[in-house]
Amino acid sequence: MAVVEVRELGKRYGGRAVVDGVSFYVADGEIFGIVGPNGAGKTTTVECLEGLRRPDAGEIRVLGLDPQRDGREVRRLLGAQLQASRLPERLKVGEALDWFAAFYDDPADPAELLELLGLLEHRGVRFAKLSGGQQQRLSIALALVGGPRVAVLDELTTGLDPQARRDTWGLIEQVRDRGVSILLVTHLMEEAERLCDRIAVIDRGRVVALDTPAAIAIEAGGEHRLRFVPSAPVDRQRLAQLAGVSSVEQHHEAVIVAGDGQVVQTVMAWLTREQVVAQQLRIEQPDLDDAFVALTGRSLDEADEAEVER
């Protein structure tokens, strides 16, 4: 069952289409990602979904409700962590959660949320004294305090150090395991690959791919690569003639073979027959960064820079 449905969503600013015909759905119990560069239209899309912006075209349903017509009921069922939000610096963690809980008829237990998110011992700490990771944990708690069936998390881990980011990923999975469907907005491809069951890749306001992260990476034509140092010289010409191999290169002692999804098994089997050991073996699979380049003709960094110039 779909808990969120978006059909042909459109939003324009000053004559420019920021969101242009975006369609997707979020299934009950899944983590669905909206992925793309900064300025691609991701946040505008979810702000329309949350009822914070009125779309110019298209249709949105959250658990069967229209965010504009049924805004109060949607806000009861949908929890949101906004991309840009900040609490008063002197507000304490426990006070913030109690404050937000007061807006709901049947809120979640604040103490239980603080314990789930590792903030119970910080209940009396002021917002300004929290680390970046702790502030993001509090954002998740505030998004969940109303007991929503759907949570929207927008650029949740931007600015966090790698360890805090991975800790937050674990918390997101725990939230999903509690029965909350999650719509995750991110420009971090690694984050989408790690967490999302399915994703919509958005570029310049349009959906350019919609599937599982692995399927998008493969369908976009990304290649698998093996990099290894052979224990004995190998015939690169014979390697290049193996089924599924698209290229063979040599960088100093290392041999790099690229090809389709079967290239790893094919090359390893050939090396075994040749009695050659692949030392310092490294296998690289196609990822969402590769897929974005294949789909748009530019890297994610280049896309970010282009949006800034616009």
# chains A, B, ... in the order shown; residues from 1 in each chain; ligands from 1

$ residues_around --residues "Pro107 (chain A)" --least-positions-apart "2" --cutoff "7 Å" --atoms "only C-alpha atoms" --output "list in words"
Ala101, Tyr104, Asp105, Asp109, Val145, Gly146 and Gly147 of chain A

$ residues_around --residues "Arg75 (chain A)" --least-positions-apart "6" --cutoff "9 Å" --atoms "only C-alpha atoms" --output "ChimeraX atom specification"
/A:50-51,67,146,148

$ select_by_dssp --residues "region 23-251 of chain A" --states "helix (DSSP H, G or I)" --output "PyMOL selection string"
chain A and resi 42-49+71-77+93-101+110-116+120-122+127-129+132-144+162-177+189-195+213-219+236-240

$ closest_atom_pairs --of "region 209-233 of chain A" --to "region 4-25 of chain A" --cutoff "12 Å" --atoms "only C-alpha atoms" --output "tab-separated table"
residue	atom	partner	partner_atom	distance
A:Ala209	CA	A:Phe24	CA	10.5
A:Leu210	CA	A:Phe24	CA	7.9
A:Asp211	CA	A:Phe24	CA	10.1

$ closest_atom_pairs --of "region 136-169 of chain A" --to "region 114-130 of chain A" --cutoff "12 Å" --atoms "only C-alpha atoms" --output "tab-separated table"
residue	atom	partner	partner_atom	distance
A:Gln136	CA	A:Leu130	CA	9.4
A:Arg137	CA	A:Leu117	CA	6.1
A:Leu138	CA	A:Leu119	CA	7.7
A:Ser139	CA	A:Leu117	CA	10.1
A:Ile140	CA	A:Leu117	CA	8.1
A:Ala141	CA	A:Leu114	CA	7.0
A:Leu142	CA	A:Leu114	CA	9.9
A:Leu144	CA	A:Leu114	CA	10.7
A:Val145	CA	A:Leu114	CA	10.0
A:Asp167	CA	A:Leu117	CA	9.9
A:Thr168	CA	A:Leu117	CA	9.0
A:Trp169	CA	A:Leu117	CA	11.5

$ closest_residue --among "A:Gly33, A:Gly259, A:Pro286, A:Pro233" --to "Leu195 (chain A)" --atoms "only C-alpha atoms"
A:Gly33

$ residues_around --residues "region 267-269 of chain A" --least-positions-apart "2" --cutoff "9 Å" --atoms "only C-alpha atoms" --output "number ranges by chain"
A: 226, 239, 242, 245, 257, 262-265, 271-274, 277-278

$ write_last_selection --atoms "N, CA and C atoms" --output "compact mmCIF listing (two decimals), in the first residue's frame"
# COMPACT_ATOMS: atom_id res chain seq x y z
N LEU A 226 37.79 -4.74 -11.67
CA LEU A 226 38.71 -5.48 -10.82
C LEU A 226 40.08 -4.83 -10.95
N LEU A 239 42.94 -11.45 -21.97
CA LEU A 239 41.98 -10.96 -20.97
C LEU A 239 40.88 -10.15 -21.64
N LEU A 242 37.88 -12.00 -23.18
CA LEU A 242 36.94 -12.75 -22.36
C LEU A 242 35.55 -12.14 -22.45
N VAL A 245 34.12 -8.54 -20.90
CA VAL A 245 35.19 -7.59 -20.61
C VAL A 245 35.15 -6.45 -21.62
N VAL A 257 40.62 -4.39 -14.91
CA VAL A 257 39.70 -4.97 -15.89
C VAL A 257 38.31 -4.43 -15.61
N GLN A 262 29.04 -9.89 -14.91
CA GLN A 262 29.65 -11.21 -14.78
C GLN A 262 31.17 -11.17 -14.87
N VAL A 263 31.74 -9.97 -15.03
CA VAL A 263 33.16 -9.87 -15.31
C VAL A 263 34.01 -10.38 -14.15
N VAL A 264 33.57 -10.20 -12.93
CA VAL A 264 34.36 -10.65 -11.78
C VAL A 264 34.53 -12.16 -11.83
N GLN A 265 33.41 -12.90 -11.98
CA GLN A 265 33.50 -14.36 -12.02
C GLN A 265 34.30 -14.84 -13.22
N LEU A 271 41.87 -16.53 -14.37
CA LEU A 271 43.13 -16.47 -13.61
C LEU A 271 43.42 -17.81 -12.93
N THR A 272 42.38 -18.48 -12.44
CA THR A 272 42.56 -19.78 -11.79
C THR A 272 43.09 -20.80 -12.81
N ARG A 273 42.50 -20.79 -14.00
CA ARG A 273 42.97 -21.71 -15.04
C ARG A 273 44.41 -21.42 -15.42
N GLU A 274 44.81 -20.17 -15.40
CA GLU A 274 46.16 -19.77 -15.76
C GLU A 274 47.13 -19.90 -14.58
N VAL A 277 47.59 -15.83 -9.29
CA VAL A 277 46.89 -15.34 -8.09
C VAL A 277 46.69 -13.83 -8.21
N ALA A 278 45.46 -13.38 -7.95
CA ALA A 278 45.15 -11.94 -7.98
C ALA A 278 45.47 -11.35 -6.61

$ select_by_dssp --residues "region 45-253 of chain A" --states "strand (DSSP E or B)" --output "PyMOL selection string"
chain A and resi 57-62+65+78-81+92+126+150-154+181-186+198-203+206-211+224-230+245-251

$ write_last_selection --atoms "C-alpha atoms" --output "PDB file, in the first residue's frame"
ATOM      1  CA  ALA A  57       0.329  21.479 -10.881  1.00  0.00           C
ATOM      2  CA  GLY A  58      -0.138  17.820 -10.057  1.00  0.00           C
ATOM      3  CA  GLU A  59      -1.634  15.856  -7.216  1.00  0.00           C
ATOM      4  CA  ILE A  60      -0.323  14.771  -3.806  1.00  0.00           C
ATOM      5  CA  ARG A  61      -1.842  12.309  -1.368  1.00  0.00           C
ATOM      6  CA  VAL A  62      -0.505  11.450   2.088  1.00  0.00           C
ATOM      7  CA  LEU A  65      -5.285  13.023   2.210  1.00  0.00           C
ATOM      8  CA  LEU A  78       3.272  13.077   9.025  1.00  0.00           C
ATOM      9  CA  GLY A  79       6.385  14.042  11.000  1.00  0.00           C
ATOM     10  CA  ALA A  80       8.957  16.317   9.400  1.00  0.00           C
ATOM     11  CA  GLN A  81      12.576  17.223  10.032  1.00  0.00           C
ATOM     12  CA  LYS A  92      16.669  22.331  26.872  1.00  0.00           C
ATOM     13  CA  ARG A 126      20.518  23.337  26.289  1.00  0.00           C
ATOM     14  CA  VAL A 150       5.283   8.792   7.794  1.00  0.00           C
ATOM     15  CA  ALA A 151       8.450  10.779   8.568  1.00  0.00           C
ATOM     16  CA  VAL A 152      10.157  13.175   6.149  1.00  0.00           C
ATOM     17  CA  LEU A 153      13.882  13.637   6.848  1.00  0.00           C
ATOM     18  CA  ASP A 154      15.514  16.346   4.727  1.00  0.00           C
ATOM     19  CA  SER A 181       7.593   4.819   6.657  1.00  0.00           C
ATOM     20  CA  ILE A 182      10.405   7.238   5.808  1.00  0.00           C
ATOM     21  CA  LEU A 183      10.904   9.697   2.979  1.00  0.00           C
ATOM     22  CA  LEU A 184      14.607  10.573   3.002  1.00  0.00           C
ATOM     23  CA  VAL A 185      15.909  13.577   1.065  1.00  0.00           C
ATOM     24  CA  THR A 186      19.651  13.604   0.454  1.00  0.00           C
ATOM     25  CA  ARG A 198      13.978   2.606  -3.589  1.00  0.00           C
ATOM     26  CA  ILE A 199      14.989   6.055  -4.783  1.00  0.00           C
ATOM     27  CA  ALA A 200      13.961   8.755  -7.219  1.00  0.00           C
ATOM     28  CA  VAL A 201      16.967  10.518  -8.753  1.00  0.00           C
ATOM     29  CA  ILE A 202      16.015  14.137  -9.476  1.00  0.00           C
ATOM     30  CA  ASP A 203      17.975  16.517 -11.676  1.00  0.00           C
ATOM     31  CA  ARG A 206      12.724  16.092 -13.105  1.00  0.00           C
ATOM     32  CA  VAL A 207      12.881  12.430 -12.128  1.00  0.00           C
ATOM     33  CA  VAL A 208      15.606  10.854 -14.266  1.00  0.00           C
ATOM     34  CA  ALA A 209      15.531   7.402 -12.611  1.00  0.00           C
ATOM     35  CA  LEU A 210      13.226   5.554 -10.204  1.00  0.00           C
ATOM     36  CA  ASP A 211      14.098   2.093  -8.826  1.00  0.00           C
ATOM     37  CA  HIS A 224      32.259  -3.463 -12.598  1.00  0.00           C
ATOM     38  CA  ARG A 225      36.028  -3.156 -12.160  1.00  0.00           C
ATOM     39  CA  LEU A 226      38.706  -5.483 -10.822  1.00  0.00           C
ATOM     40  CA  ARG A 227      42.069  -4.109  -9.823  1.00  0.00           C
ATOM     41  CA  PHE A 228      44.768  -6.612  -8.897  1.00  0.00           C
ATOM     42  CA  VAL A 229      48.479  -7.311  -9.024  1.00  0.00           C
ATOM     43  CA  PRO A 230      49.022 -10.666 -10.802  1.00  0.00           C
ATOM     44  CA  VAL A 245      35.193  -7.590 -20.606  1.00  0.00           C
ATOM     45  CA  SER A 246      35.111  -4.053 -22.036  1.00  0.00           C
ATOM     46  CA  SER A 247      38.630  -2.834 -21.250  1.00  0.00           C
ATOM     47  CA  VAL A 248      41.951  -3.924 -19.760  1.00  0.00           C
ATOM     48  CA  GLU A 249      44.527  -1.424 -18.524  1.00  0.00           C
ATOM     49  CA  GLN A 250      47.837  -1.699 -16.723  1.00  0.00           C
ATOM     50  CA  HIS A 251      48.953   0.874 -14.163  1.00  0.00           C
TER      51      HIS A 251
END

$ closest_residue --among "A:Gln285, A:Thr43, A:Ser131, A:Thr266" --to "Ala217 (chain A)" --atoms "only C-alpha atoms"
A:Gln285
